[in-house]
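Asker: Okay, here's the structure, questions in a sec.
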Amino acid sequence: SLRKGRYAKRVSTPAAVFLTAVLQYATTELLELSQTTAAQKGRCTIKPRHICVAVREDPDLNELLQKVTIAGGGVVDKKIHPAIAENAKYKHKSKSKKSADGKKKKKGSKKPKKDNKKKTFTTMAPSKKATPVPLSKKANLAFPVARVGSSLRKGRYAKRVSTPAAVFLTAVLQYATTELLELSQTTAAQKGRCTIKPRHICVAVREDPDLNELLQKVTIAGGG
């Protein structure tokens with residue numbers, strides 16, 4: 001691979017041995033950390049999510065793989081804005097409470113069964129189906145992955161759109177939103193305001209070089 005890549009005119013055998021040893025050491029370290037992450041969550045199989053968490057928690061691997069995106073790895077909790085995380089948790093709790101209340105009402109409205117001694121047959125209990133886990137929960141994201149995926153398919157940007165593409169785009173949108181919210185919040189706090197207004201968003205975008213380059217031709221209504 002070194003000779004095919006043509007990184008130099010000549011490649012010696014010790015160079016290949018040294019690079020192979022480095023790759024083997026890095027792989028074993030990554031596997032050990034991923035195994036401990038999977039064991040902490042009670043899993044026997046190492047998944048991309050465990051590898052992503054292991055990389056982000058280790059300082060050396062995080063510095064080495066800083067600009068690497070792991071497919072299916074999701075987003076680490078540290079990068080999620082607290083406001084978005086709390087909103088997602090509140091929605092999840094409200095849905096669980098509603099479902100529990102509905103079940104209680106159904107149980108209370110049941111009529112007492114009549115005992116018919118003549119009937120000797122028995123009815124089989126219905127099999128409980130496992131509830132499907134949403135993609136946003138699997139990828140540890142607050143933004144809806146399914147909605148982003150449907151928007152990609154409706155836009156017809158390509159013949160086929162894979163699920164990891166929707167997950168990746170959702171993670172990018174969530175990261176950009178959190179960054180914009182944090183900068184707008186600091187801008188509003190500097191001016192002694194508790195509410196983020198379009199003016200604060202406009203100032204935050206123009207002061208940040210990356211967001212300014214991204215939203216260079218975008219006009220924010222009411223931003224001034």
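A note on labels: chains of the structure tokens are A, B, ... as shown, every chain counts residues from 1, and ligands are counted from 1 in their shown order.
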I'd like the contact shell of A:Thr37 - 12 Å cut-off, only C-alpha atoms, skipping same-chain residues fewer than 6 positions apart - returned as a list of chain:residue names.
Answerer: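 Using only C-alpha atoms, the neighbours found are A:Leu30, A:Leu31, A:Arg43, A:Cys44, A:Thr45, A:Ile46, A:Lys47, A:Pro48, A:Arg49, A:His50, A:Ile51, A:Cys52, A:Val53, A:Ala54, A:Val55, A:Arg56, A:Glu57, A:Asp58.
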Asker: Would you mind reading off the distance between atom CA of A:Pro209 and atom CA of A:Val172, one decimal, in Å?
Answerer: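 Atom CA of A:Pro209 sits 17.4 Å away from atom CA of A:Val172.
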Asker: Choose the residue, out of A:Ala204, A:Leu152, A:Ala26, A:Lys9, that has the smallest atom-to-atom separation from A:Thr187; count only C-alpha atoms.
Answerer: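 Smallest distance to A:Thr187 is found for A:Ala204.
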